[in-house]
There are 2 protein chains.
Amino acid sequence: MAKVQKATLADVAAEADVSAITVSRALRKPDIVSQALHARIDAAIQKLGYVPDLAARALASGRTDVIGLMAPLTTEPAYTDILRGIMASIAPTPHVIQLIDPSQAGEGTALRTFLGSKPAGLIVAGIDQVGTTRDLLANAPCPVVQVMEIAEDPIDMMIGLSLQEAAQGAAHYLHEQGYRKPGFMAARMTPAANRQLRGFRLATEVTGTFSEARVMASEGHPAVTLGAKLLADLLTQAPELDAVFCTDDALALGALFEARRQGIDVPAALGICGFHDTEAAASAELALTSIRTRRYEMGTDAVEMVLDRLAGAPKGRKVIDLGFEIVPRASTAKPA
Amino acid sequence: MAKVQKATLADVAAEADVSAITVSRALRKPDIVSQALHARIDAAIQKLGYVPDLAARALASGRTDVIGLMAPLTTEPAYTDILRGIMASIAPTPHVIQLIDPSQAGEGTALRTFLGSKPAGLIVAGIDQVGTTRDLLANAPCPVVQVMEIAEDPIDMMIGLSLQEAAQGAAHYLHEQGYRKPGFMAARMTPAANRQLRGFRLATEVTGTFSEARVMASEGHPAVTLGAKLLADLLTQAPELDAVFCTDDALALGALFEARRQGIDVPAALGICGFHDTEAAASAELALTSIRTRRYEMGTDAVEMVLDRLAGAPKGRKVIDLGFEIVPRASTAKPA
DNA sequence: ATAACGCATGACAACGCTAACATAACTGAT
DNA sequence: ATCAGTTATGTTAGCGTTGTCATGCGTTAT
């Protein structure tokens with residue numbers, strides 16, 4: 001156990017008295033090597049503590065088992081759940097996840113390097129890749145899955161939901177609950193937030209309850225503190241506000257806290273609806289209504305999609321809509 | 001842009017009319033190649049869209065730029081902050097992060113494979129590696145940094161804090177605030193939680209305020225819902241409870257929600273202290289006292305430690321104590 | 001002017017593995 | 001008994017890069 005990485009395929013082959021390629025095959029396609037040799041080879045591997053050299057394998061075969069994940073894991077908690085699904089799905093496979101910082105993606109270098117390293121697949125967050133990034137992804141030498149949102153123009157494959165439809169559903173639901181002065185808050189007006197706003201607007205314009213003054217966004221990432229600030233600003237700007245749709249549960253939680261601090265009666269005087277249906281929001285002192293998104297499944301299925309493609313599945317532009325679900329809780333239970 | 005990964009080092013060399021090795025050097029050690037050649041080479045790289053083959057590089061050089069991260073990212077939100085630090089720190093370097101599922105680590109296969117792939121470094125969560133995992137890490141062919149906790153027996157390097165001391169400090173602080181029936185809650189009684197309990201016990205036994213009945217743990221991971229349940233159980237088992245130290249802010253938040261649901265006056269009748277000082281807990285309607293841990297720095301510094309070692313820094317067992325800080329807020333402001 | 005030196009560049013041989021083809025060993029049908 | 005048709009195993013030739021050592025050249029010290 002002194003020296004690491006000493007034994008090579010050839011050593012194992014010598015030990016088991018077979019050829020190197022046979023050992024290679026025994027490792028990768030156990031069923032095409034005879035029982036007897038397999039046993040000898042396994043013993044030799046065990047004895048020598050052989051571990052395959054992935055670099056050599058990659059160089060010789062032209063591929064790797066690395067799946068890239070380009071997602072804002074550190075700024076959007078929702079992606080942690082997707083990661084959980086991904087990890088669960090790759091656990092029984094030889095695949096491995098490599099992180100690509102999306103905030104660096106614009107420069108393209110990290111992504112370019114990754115794509116040049118014979119990746120097995122790539123999972124990217126959202127649908128807002130543009131310019132160089134989009135070009136690189138479109139020409140990626142591996143399956144690419146966009147997760148979270150779906151749209152008409154997949155780079156390759158997609159799985160998630162329509163944020164616009166979800167926000168529209170939420171706005172519709174708030175109206176049903178009896179709220180007539182609904183507002184909208186997002187951490188930042190990202191393209192994704194804009195699609196949610198569009199859905200919100202679509203629903204509220206039908207009922208004539210949309211007001212530009214009840215739309216609020218700031219800078220930064222979804223966070224409880226920011227949610228509190230946004231609600232405060234919103235109430236200053238539009239005191240008539242009687243409900244708010246938040247693009248993320250963290251914001252909703254912050255809004256709830258702020259409302260209570262201000263002595264505003266939730267849900268009677270103010271309804272609050274979050275997004276993503278996270279555990280924390282659901283078990284707040286006053287449970288938050290939210291839009292459930294199936295993030296774990298996005299993760300597991302995104303990996304399946306990559307693996308299927310690697311296994312030779314047809315290369316059609318596959319788009320899976322996992323939909324959403326409104327989960328009504330106390331924060332929008334407006335009394336009649 | 002049709003075919004990907006076409007150009008090779010030799011192609012670039014031919015284009016620039018130099019030898020392959022010169023191109024290789026221009027890429028890796030720009031300063032030892034003459035100005036003139038460098039320009040020619042850069043132009044050729046640009047023209048051919050050359051991207052280095054990482055597999056070939058790894059095979060030839062015997063190393064890679066991959067740093068492994070074995071941490072419970074998906075179950076312990078605190079590690080997300082460490083990841084943020086890590087990503088920030090590697091951004092200007094060619095290094096890359098590969099995830100290793102710690103829940104799979106027991107089997108050793110994933111870790112063994114990783115260690116066999118000539119890694120540049122490895123960052124692992126916590127100090128509770130045992131058995132095969134610990135052996136593998138101890139013999140890892142790369143720098144290893146344990147993050148979050150520190151102890152006397154580093155595998156290689158460590159950065160973080162003493163959970164025991166932190167919990168001791170928290171318990172001491174609660175006593176100072178006037179609480180005399182303090183309790184302790186952890187999601188699960190992990191070894192780490194046990195060290196926190198030891199610290200808590202150390203502090204409370206000094207003041208004669210320790211009670212086994214006021215210690216509560218369950219199964220599962222830190223979560224708001226679980227915190228609520230734990231507090232409820234704790235109150236059933238030990239109704240005299242007048243303060244609680246939670247091993248994670250999520251639990252503390254749940255405890256706060258539960259206390260309020262039960263009409264318990266926080267902080268007058270019940271003090272609550274969390275751990276990690278997360279954004280959500282700090283901006284709860286009633287701000288939670290917590291123990292600040294410097295997670296971002298753990299990430300940035302862990303990477304620095306790896307890089308320093310790679311750059312040839314001495315191989316001493318380096319242990320960095322980032323300490324902790326009690327952040328008093330409303331949830332423990334017991335009136336006199 | 002010559003030797004000795006440093007610096008920039010090049011030739012060559014691995015690095016450990018797998019694809020592709022080749023061959024041997026076996027099966028059953030004729 | 002012979003042959004085609006399967007397997008099961010072996011041989012050969014790289015994959016694209018870098019380490020090592022060798023070479024050529026301009027420079028400084030003698």
# chains A, B, ... in the order shown; residues from 1 in each chain; ligands from 1
>>> calpha_fit_and_write(fixed="chain A", moving="chain B", output="tab-separated table (two decimals) with C-alpha atoms, in the first residue's frame")
chain	number	residue	atom	x	y	z
B	1	MET	CA	-0.24	0.01	0.10
B	2	ALA	CA	2.82	2.21	-0.05
B	3	LYS	CA	2.91	3.25	-3.67
B	4	VAL	CA	-0.30	4.21	-5.33
B	5	GLN	CA	-1.36	3.52	-8.88
B	6	LYS	CA	1.32	1.05	-9.61
B	7	ALA	CA	-0.36	-1.81	-11.37
B	8	THR	CA	-1.26	-1.46	-14.98
B	9	LEU	CA	-3.40	-3.46	-17.30
B	10	ALA	CA	-0.33	-5.28	-18.54
B	11	ASP	CA	0.64	-6.24	-15.01
B	12	VAL	CA	-2.76	-7.71	-14.37
B	13	ALA	CA	-2.60	-9.49	-17.70
B	14	ALA	CA	0.76	-11.01	-16.84
B	15	GLU	CA	-0.46	-12.08	-13.41
B	16	ALA	CA	-3.53	-13.72	-14.89
B	17	ASP	CA	-1.56	-15.07	-17.83
B	18	VAL	CA	-3.76	-13.53	-20.47
B	19	SER	CA	-3.35	-10.61	-22.79
B	20	ALA	CA	-3.97	-7.04	-21.80
B	21	ILE	CA	-6.90	-6.61	-24.10
B	22	THR	CA	-8.67	-9.51	-22.44
B	23	VAL	CA	-8.38	-7.86	-19.09
B	24	SER	CA	-9.66	-4.68	-20.63
B	25	ARG	CA	-12.65	-6.53	-21.98
B	26	ALA	CA	-13.30	-8.39	-18.76
B	27	LEU	CA	-13.57	-5.01	-17.11
B	28	ARG	CA	-15.86	-3.36	-19.57
B	29	LYS	CA	-17.93	-6.17	-21.08
B	30	PRO	CA	-17.84	-8.99	-18.58
B	31	ASP	CA	-20.13	-11.18	-20.64
B	32	ILE	CA	-17.83	-11.68	-23.59
B	33	VAL	CA	-15.02	-13.17	-21.54
B	34	SER	CA	-15.16	-16.77	-20.43
B	35	GLN	CA	-16.00	-17.66	-16.88
B	36	ALA	CA	-12.61	-19.17	-16.19
B	37	LEU	CA	-10.56	-16.26	-17.39
B	38	HIS	CA	-12.82	-13.86	-15.62
B	39	ALA	CA	-12.10	-15.51	-12.31
B	40	ARG	CA	-8.35	-15.48	-12.92
B	41	ILE	CA	-8.49	-11.85	-13.95
B	42	ASP	CA	-10.57	-10.79	-10.99
B	43	ALA	CA	-8.14	-12.47	-8.68
B	44	ALA	CA	-5.21	-10.73	-10.33
B	45	ILE	CA	-6.94	-7.35	-10.12
B	46	GLN	CA	-7.64	-7.94	-6.48
B	47	LYS	CA	-4.12	-9.07	-5.75
B	48	LEU	CA	-2.46	-6.13	-7.48
B	49	GLY	CA	-5.00	-3.56	-6.39
B	50	TYR	CA	-5.40	-2.50	-9.96
B	51	VAL	CA	-7.37	0.65	-10.71
B	52	PRO	CA	-8.00	1.57	-14.33
B	53	ASP	CA	-6.36	4.71	-15.62
B	54	LEU	CA	-9.20	6.91	-16.73
B	55	ALA	CA	-6.96	9.23	-18.71
B	56	ALA	CA	-5.57	6.44	-20.79
B	57	ARG	CA	-9.00	5.02	-21.28
B	58	ALA	CA	-10.31	8.40	-22.40
B	59	LEU	CA	-7.45	8.89	-24.79
B	60	ALA	CA	-7.79	5.49	-26.35
B	61	SER	CA	-11.55	5.33	-26.53
B	62	GLY	CA	-12.31	8.96	-27.22
B	63	ARG	CA	-14.84	9.28	-24.46
B	64	THR	CA	-15.20	9.64	-20.72
B	65	ASP	CA	-17.80	9.09	-18.06
B	66	VAL	CA	-17.90	12.72	-17.08
B	67	ILE	CA	-21.20	14.56	-17.13
B	68	GLY	CA	-20.96	18.30	-16.76
B	69	LEU	CA	-23.35	20.32	-14.69
B	70	MET	CA	-23.61	24.00	-15.42
B	71	ALA	CA	-26.06	25.37	-12.89
B	72	PRO	CA	-26.18	28.18	-10.32
B	73	LEU	CA	-25.91	25.76	-7.43
B	74	THR	CA	-24.51	28.37	-5.12
B	75	THR	CA	-27.05	31.09	-5.74
B	76	GLU	CA	-30.30	29.28	-6.44
B	77	PRO	CA	-31.13	26.74	-3.77
B	78	ALA	CA	-33.66	25.11	-6.08
B	79	TYR	CA	-30.82	23.55	-8.05
B	80	THR	CA	-29.65	21.65	-5.03
B	81	ASP	CA	-32.69	19.43	-5.40
B	82	ILE	CA	-31.91	18.84	-9.02
B	83	LEU	CA	-28.41	17.89	-8.01
B	84	ARG	CA	-29.81	15.41	-5.54
B	85	GLY	CA	-31.71	13.75	-8.33
B	86	ILE	CA	-28.65	13.73	-10.53
B	87	MET	CA	-26.47	12.14	-7.88
B	88	ALA	CA	-29.07	9.50	-7.15
B	89	SER	CA	-29.31	8.65	-10.80
B	90	ILE	CA	-25.62	8.34	-11.50
B	91	ALA	CA	-24.82	6.47	-8.31
B	92	PRO	CA	-25.19	3.00	-9.87
B	93	THR	CA	-23.28	4.05	-13.00
B	94	PRO	CA	-19.63	4.79	-13.53
B	95	HIS	CA	-20.51	8.36	-14.32
B	96	VAL	CA	-19.27	11.34	-12.48
B	97	ILE	CA	-20.33	14.97	-12.20
B	98	GLN	CA	-18.09	17.87	-12.99
B	99	LEU	CA	-19.17	21.38	-12.10
B	100	ILE	CA	-19.01	24.20	-14.58
B	101	ASP	CA	-19.46	27.66	-13.18
B	102	PRO	CA	-22.27	29.30	-15.12
B	103	SER	CA	-21.18	32.74	-14.00
B	104	GLN	CA	-17.96	32.11	-15.90
B	105	ALA	CA	-19.68	30.64	-18.88
B	106	GLY	CA	-19.91	33.88	-20.78
B	107	GLU	CA	-16.22	33.82	-21.39
B	108	GLY	CA	-16.63	30.40	-22.84
B	109	THR	CA	-13.22	29.16	-21.86
B	110	ALA	CA	-14.29	26.80	-19.11
B	111	LEU	CA	-17.10	25.45	-21.22
B	112	ARG	CA	-14.90	25.13	-24.27
B	113	THR	CA	-12.33	23.21	-22.29
B	114	PHE	CA	-14.98	20.96	-20.89
B	115	LEU	CA	-16.48	20.24	-24.27
B	116	GLY	CA	-13.02	19.48	-25.55
B	117	SER	CA	-12.58	16.80	-22.93
B	118	LYS	CA	-14.81	14.19	-24.55
B	119	PRO	CA	-17.67	14.55	-22.08
B	120	ALA	CA	-20.40	11.95	-21.77
B	121	GLY	CA	-23.06	14.58	-21.34
B	122	LEU	CA	-23.91	18.01	-20.16
B	123	ILE	CA	-26.75	19.26	-18.02
B	124	VAL	CA	-27.34	22.98	-18.09
B	125	ALA	CA	-29.67	25.12	-16.05
B	126	GLY	CA	-32.38	27.06	-17.74
B	127	ILE	CA	-32.95	28.03	-21.31
B	128	ASP	CA	-31.24	31.38	-21.48
B	129	GLN	CA	-27.96	30.47	-23.05
B	130	VAL	CA	-26.98	33.01	-25.65
B	131	GLY	CA	-24.15	33.92	-27.96
B	132	THR	CA	-20.99	31.92	-27.71
B	133	THR	CA	-22.34	29.72	-24.97
B	134	ARG	CA	-25.34	28.72	-27.00
B	135	ASP	CA	-23.19	28.08	-30.06
B	136	LEU	CA	-20.84	25.91	-28.09
B	137	LEU	CA	-23.69	23.91	-26.63
B	138	ALA	CA	-25.39	23.54	-29.98
B	139	ASN	CA	-22.25	21.94	-31.34
B	140	ALA	CA	-21.42	19.97	-28.24
B	141	PRO	CA	-20.04	16.51	-28.97
B	142	CYS	CA	-22.35	15.00	-26.39
B	143	PRO	CA	-25.97	14.94	-25.30
B	144	VAL	CA	-27.08	18.20	-23.72
B	145	VAL	CA	-30.06	18.53	-21.41
B	146	GLN	CA	-31.47	21.84	-20.36
B	147	VAL	CA	-33.17	21.48	-17.01
B	148	MET	CA	-35.79	23.44	-15.11
B	149	GLU	CA	-37.47	25.20	-17.97
B	150	ILE	CA	-38.82	23.99	-21.25
B	151	ALA	CA	-39.37	25.91	-24.45
B	152	GLU	CA	-39.85	25.49	-28.16
B	153	ASP	CA	-36.21	25.65	-29.13
B	154	PRO	CA	-34.22	23.06	-27.26
B	155	ILE	CA	-30.52	22.94	-27.90
B	156	ASP	CA	-30.86	19.18	-27.71
B	157	MET	CA	-33.10	17.91	-24.92
B	158	MET	CA	-35.05	19.62	-22.19
B	159	ILE	CA	-36.83	18.73	-19.01
B	160	GLY	CA	-38.74	20.95	-16.67
B	161	LEU	CA	-41.76	23.15	-16.82
B	162	SER	CA	-43.01	26.32	-18.37
B	163	LEU	CA	-42.35	29.09	-15.89
B	164	GLN	CA	-44.79	31.25	-17.74
B	165	GLU	CA	-47.61	28.76	-17.40
B	166	ALA	CA	-46.78	28.20	-13.77
B	167	ALA	CA	-46.87	31.90	-12.98
B	168	GLN	CA	-50.06	32.22	-14.95
B	169	GLY	CA	-51.56	29.43	-12.91
B	170	ALA	CA	-50.46	31.07	-9.70
B	171	ALA	CA	-51.97	34.40	-10.67
B	172	HIS	CA	-55.16	32.70	-11.68
B	173	TYR	CA	-55.24	30.90	-8.38
B	174	LEU	CA	-54.75	34.12	-6.43
B	175	HIS	CA	-57.69	35.63	-8.27
B	176	GLU	CA	-59.81	32.62	-7.48
B	177	GLN	CA	-58.94	33.07	-3.85
B	178	GLY	CA	-60.42	36.52	-4.05
B	179	TYR	CA	-57.35	38.69	-4.28
B	180	ARG	CA	-57.88	41.63	-6.64
B	181	LYS	CA	-54.69	43.69	-6.32
B	182	PRO	CA	-52.02	41.11	-6.95
B	183	GLY	CA	-48.35	41.97	-7.19
B	184	PHE	CA	-45.27	40.25	-8.54
B	185	MET	CA	-41.77	40.11	-7.12
B	186	ALA	CA	-38.54	38.74	-8.45
B	187	ALA	CA	-35.02	38.94	-7.11
B	188	ARG	CA	-33.71	40.17	-10.43
B	189	MET	CA	-35.44	40.67	-13.72
B	190	THR	CA	-33.73	37.79	-15.43
B	191	PRO	CA	-35.17	36.43	-18.65
B	192	ALA	CA	-36.70	33.65	-16.60
B	193	ALA	CA	-38.31	36.14	-14.24
B	194	ASN	CA	-39.61	37.95	-17.27
B	195	ARG	CA	-41.30	34.84	-18.51
B	196	GLN	CA	-42.91	34.44	-15.12
B	197	LEU	CA	-44.01	38.04	-15.26
B	198	ARG	CA	-45.49	37.45	-18.68
B	199	GLY	CA	-47.54	34.57	-17.32
B	200	PHE	CA	-48.59	36.63	-14.35
B	201	ARG	CA	-49.56	39.45	-16.64
B	202	LEU	CA	-51.48	37.19	-18.99
B	203	ALA	CA	-53.63	35.95	-16.13
B	204	THR	CA	-54.15	39.29	-14.45
B	205	GLU	CA	-54.91	41.22	-17.59
B	206	VAL	CA	-57.76	38.85	-18.29
B	207	THR	CA	-59.32	39.87	-15.01
B	208	GLY	CA	-58.25	43.45	-15.30
B	209	THR	CA	-56.19	43.25	-12.16
B	210	PHE	CA	-52.75	43.87	-13.56
B	211	SER	CA	-50.84	46.92	-12.45
B	212	GLU	CA	-47.32	47.86	-13.43
B	213	ALA	CA	-46.94	49.51	-10.04
B	214	ARG	CA	-47.30	46.16	-8.34
B	215	VAL	CA	-44.28	44.65	-10.05
B	216	MET	CA	-41.06	44.78	-8.17
B	217	ALA	CA	-37.56	43.46	-8.71
B	218	SER	CA	-34.15	44.31	-7.42
B	219	GLU	CA	-30.63	43.06	-7.85
B	220	GLY	CA	-29.22	39.93	-6.40
B	221	HIS	CA	-30.24	36.37	-5.88
B	222	PRO	CA	-33.30	34.90	-4.24
B	223	ALA	CA	-32.97	35.35	-0.48
B	224	VAL	CA	-35.19	35.84	2.49
B	225	THR	CA	-33.81	39.28	3.26
B	226	LEU	CA	-34.39	40.38	-0.27
B	227	GLY	CA	-37.97	39.15	-0.15
B	228	ALA	CA	-38.60	41.30	2.90
B	229	LYS	CA	-37.11	44.33	1.20
B	230	LEU	CA	-39.08	43.74	-1.97
B	231	LEU	CA	-42.34	43.52	-0.11
B	232	ALA	CA	-41.56	46.69	1.79
B	233	ASP	CA	-40.79	48.49	-1.46
B	234	LEU	CA	-43.86	47.07	-3.08
B	235	LEU	CA	-46.09	48.25	-0.26
B	236	THR	CA	-44.60	51.71	-0.43
B	237	GLN	CA	-45.13	51.92	-4.14
B	238	ALA	CA	-48.54	50.28	-4.21
B	239	PRO	CA	-50.18	50.29	-0.78
B	240	GLU	CA	-53.31	48.70	-2.17
B	241	LEU	CA	-51.45	45.43	-2.76
B	242	ASP	CA	-53.45	42.49	-1.44
B	243	ALA	CA	-51.45	39.53	-2.74
B	244	VAL	CA	-48.03	38.80	-4.08
B	245	PHE	CA	-46.57	36.14	-6.26
B	246	CYS	CA	-42.89	35.54	-5.56
B	247	THR	CA	-40.60	33.91	-8.08
B	248	ASP	CA	-38.91	31.93	-5.33
B	249	ASP	CA	-39.87	30.55	-1.96
B	250	ALA	CA	-37.03	32.37	-0.26
B	251	LEU	CA	-38.52	35.65	-1.37
B	252	ALA	CA	-41.93	34.51	-0.24
B	253	LEU	CA	-40.62	33.65	3.18
B	254	GLY	CA	-39.04	37.09	3.43
B	255	ALA	CA	-42.28	38.67	2.33
B	256	LEU	CA	-44.15	36.73	4.99
B	257	PHE	CA	-41.73	37.87	7.67
B	258	GLU	CA	-41.94	41.46	6.54
B	259	ALA	CA	-45.72	41.43	6.40
B	260	ARG	CA	-45.89	40.17	9.94
B	261	ARG	CA	-43.37	42.70	11.13
B	262	GLN	CA	-45.57	45.39	9.63
B	263	GLY	CA	-48.61	43.90	11.30
B	264	ILE	CA	-50.24	42.97	8.05
B	265	ASP	CA	-52.68	40.11	8.30
B	266	VAL	CA	-51.61	37.22	6.11
B	267	PRO	CA	-53.67	35.84	4.40
B	268	ALA	CA	-56.63	38.14	5.08
B	269	ALA	CA	-55.03	41.40	4.05
B	270	LEU	CA	-52.20	39.96	2.00
B	271	GLY	CA	-51.92	36.67	0.22
B	272	ILE	CA	-48.49	35.26	-0.47
B	273	CYS	CA	-47.59	32.64	-3.02
B	274	GLY	CA	-44.09	31.34	-3.43
B	275	PHE	CA	-42.41	29.24	-6.06
B	276	HIS	CA	-40.71	25.81	-6.00
B	277	ASP	CA	-42.45	24.59	-2.87
B	278	THR	CA	-39.43	24.19	-0.66
B	279	GLU	CA	-39.44	22.48	2.66
B	280	ALA	CA	-38.75	25.66	4.62
B	281	ALA	CA	-41.62	27.61	3.11
B	282	ALA	CA	-44.03	24.76	3.58
B	283	SER	CA	-43.27	24.47	7.26
B	284	ALA	CA	-43.13	28.14	8.11
B	285	GLU	CA	-45.17	29.18	11.11
B	286	LEU	CA	-47.83	30.19	8.64
B	287	ALA	CA	-47.50	27.70	5.84
B	288	LEU	CA	-46.80	29.24	2.47
B	289	THR	CA	-48.74	28.46	-0.63
B	290	SER	CA	-46.34	27.60	-3.38
B	291	ILE	CA	-45.93	26.16	-6.82
B	292	ARG	CA	-44.46	22.73	-6.65
B	293	THR	CA	-41.83	22.00	-9.25
B	294	ARG	CA	-40.48	18.49	-9.63
B	295	ARG	CA	-36.84	19.23	-9.24
B	296	TYR	CA	-35.66	15.86	-8.05
B	297	GLU	CA	-37.20	14.24	-11.10
B	298	MET	CA	-35.62	16.83	-13.33
B	299	GLY	CA	-32.28	15.61	-12.02
B	300	THR	CA	-32.93	11.91	-12.25
B	301	ASP	CA	-34.58	12.15	-15.64
B	302	ALA	CA	-31.99	14.48	-17.10
B	303	VAL	CA	-29.39	11.85	-16.33
B	304	GLU	CA	-31.57	9.13	-17.80
B	305	MET	CA	-31.93	11.16	-20.96
B	306	VAL	CA	-28.19	11.48	-21.25
B	307	LEU	CA	-27.63	7.81	-20.59
B	308	ASP	CA	-30.32	6.74	-23.02
B	309	ARG	CA	-28.74	8.82	-25.71
B	310	LEU	CA	-25.34	7.35	-24.93
B	311	ALA	CA	-26.91	3.92	-25.16
B	312	GLY	CA	-27.96	4.76	-28.65
B	313	ALA	CA	-31.41	6.22	-28.26
B	314	PRO	CA	-32.67	8.21	-31.25
B	315	LYS	CA	-31.43	11.73	-31.41
B	316	GLY	CA	-34.78	13.51	-31.63
B	317	ARG	CA	-35.17	16.81	-29.88
B	318	LYS	CA	-36.74	15.52	-26.73
B	319	VAL	CA	-38.67	17.87	-24.46
B	320	ILE	CA	-40.26	16.62	-21.28
B	321	ASP	CA	-42.82	18.71	-19.47
B	322	LEU	CA	-42.93	17.80	-15.82
B	323	GLY	CA	-45.57	20.41	-15.16
B	324	PHE	CA	-46.24	22.09	-11.85
B	325	GLU	CA	-48.78	21.95	-9.13
B	326	ILE	CA	-50.30	24.67	-7.03
B	327	VAL	CA	-50.04	23.72	-3.40
B	328	PRO	CA	-52.53	25.82	-1.47
B	329	ARG	CA	-51.65	26.55	2.11
B	330	ALA	CA	-52.52	29.05	4.77
B	331	SER	CA	-50.79	32.04	3.23
B	332	THR	CA	-53.44	32.42	0.55
B	333	ALA	CA	-56.48	31.26	2.45
B	334	LYS	CA	-58.36	34.55	2.18
B	335	PRO	CA	-61.52	34.52	4.26
B	336	ALA	CA	-64.70	35.20	2.29
>>> closest_atom_pairs(of="chain D", to="chain B", cutoff="9 Å", atoms="only C-alpha atoms (C1' of nucleotides)", output="JSON lines")
{"residue": "D:DC15", "atom": "C1'", "partner": "B:Ala56", "partner_atom": "CA", "distance": 7.7}
{"residue": "D:DG16", "atom": "C1'", "partner": "B:Ala56", "partner_atom": "CA", "distance": 5.0}
{"residue": "D:DT17", "atom": "C1'", "partner": "B:Arg57", "partner_atom": "CA", "distance": 4.7}
{"residue": "D:DT18", "atom": "C1'", "partner": "B:Ala60", "partner_atom": "CA", "distance": 5.1}
{"residue": "D:DG19", "atom": "C1'", "partner": "B:Ser61", "partner_atom": "CA", "distance": 7.7}
>>> residues_around(residues="C:DA22", least_positions_apart="3", cutoff="12 Å", atoms="only C-alpha atoms (C1' of nucleotides)", output="JSON, numbers by chain")
{"D": [9, 10, 11, 12]}
>>> write_last_selection(atoms="N, CA and C atoms (P, O5', C5', C4', C3', O3' and C1' of nucleotides)", output="short mmCIF file (atom, residue, chain, number, x, y, z; two decimals), in the first residue's frame")
data_model
loop_
_atom_site.label_atom_id
_atom_site.label_comp_id
_atom_site.auth_asym_id
_atom_site.auth_seq_id
_atom_site.Cartn_x
_atom_site.Cartn_y
_atom_site.Cartn_z
P DT D 9 -12.05 -16.56 -23.16
"O5'" DT D 9 -10.92 -15.96 -24.09
"C5'" DT D 9 -9.78 -16.77 -24.39
"C4'" DT D 9 -8.94 -16.10 -25.44
"C3'" DT D 9 -8.07 -14.95 -24.95
"O3'" DT D 9 -6.75 -15.43 -24.81
"C1'" DT D 9 -8.95 -14.58 -27.13
P DG D 10 -5.56 -14.46 -24.43
"O5'" DG D 10 -5.04 -13.99 -25.86
"C5'" DG D 10 -4.54 -14.97 -26.77
"C4'" DG D 10 -4.02 -14.29 -28.03
"C3'" DG D 10 -2.98 -13.20 -27.79
"O3'" DG D 10 -1.91 -13.38 -28.71
"C1'" DG D 10 -4.75 -12.34 -29.08
P DT D 11 -0.58 -12.54 -28.54
"O5'" DT D 11 -0.55 -11.62 -29.84
"C5'" DT D 11 -1.09 -12.08 -31.07
"C4'" DT D 11 -0.93 -11.01 -32.13
"C3'" DT D 11 0.19 -10.00 -31.90
"O3'" DT D 11 0.84 -9.74 -33.13
"C1'" DT D 11 -1.89 -8.86 -32.06
P DT D 12 2.10 -8.82 -33.18
"O5'" DT D 12 1.43 -7.45 -33.67
"C5'" DT D 12 0.54 -7.49 -34.78
"C4'" DT D 12 0.01 -6.10 -35.06
"C3'" DT D 12 1.01 -4.96 -34.86
"O3'" DT D 12 0.98 -4.16 -36.02
"C1'" DT D 12 -0.98 -4.49 -33.68
#
>>> closest_atom_pairs(of="chain C", to="chain A", cutoff="7 Å", atoms="only C-alpha atoms (C1' of nucleotides)", output="CSV")
residue,atom,partner,partner_atom,distance
C:DG16,C1',A:Ala56,CA,5.0
C:DC17,C1',A:Arg57,CA,4.8
C:DT18,C1',A:Ala60,CA,5.2
>>> write_last_selection(atoms="C-alpha atoms (C1' of nucleotides)", output="compact mmCIF listing (two decimals), in the first residue's frame")
# COMPACT_ATOMS: atom_id res chain seq x y z
C1' DG C 16 -1.94 3.04 -20.24
C1' DC C 17 -5.50 1.95 -22.65
C1' DT C 18 -8.85 0.38 -26.50
>>> atom_distance(atom1="atom C1' of D:DT2", atom2="atom C1' of C:DC21")
26.5 Å
>>> select_by_dssp(residues="stretch 108-224 of chain A", states="helix (DSSP H, G or I)", output="ChimeraX atom specification")
/A:109-115,131-138,163-176,191-206,212-214,224
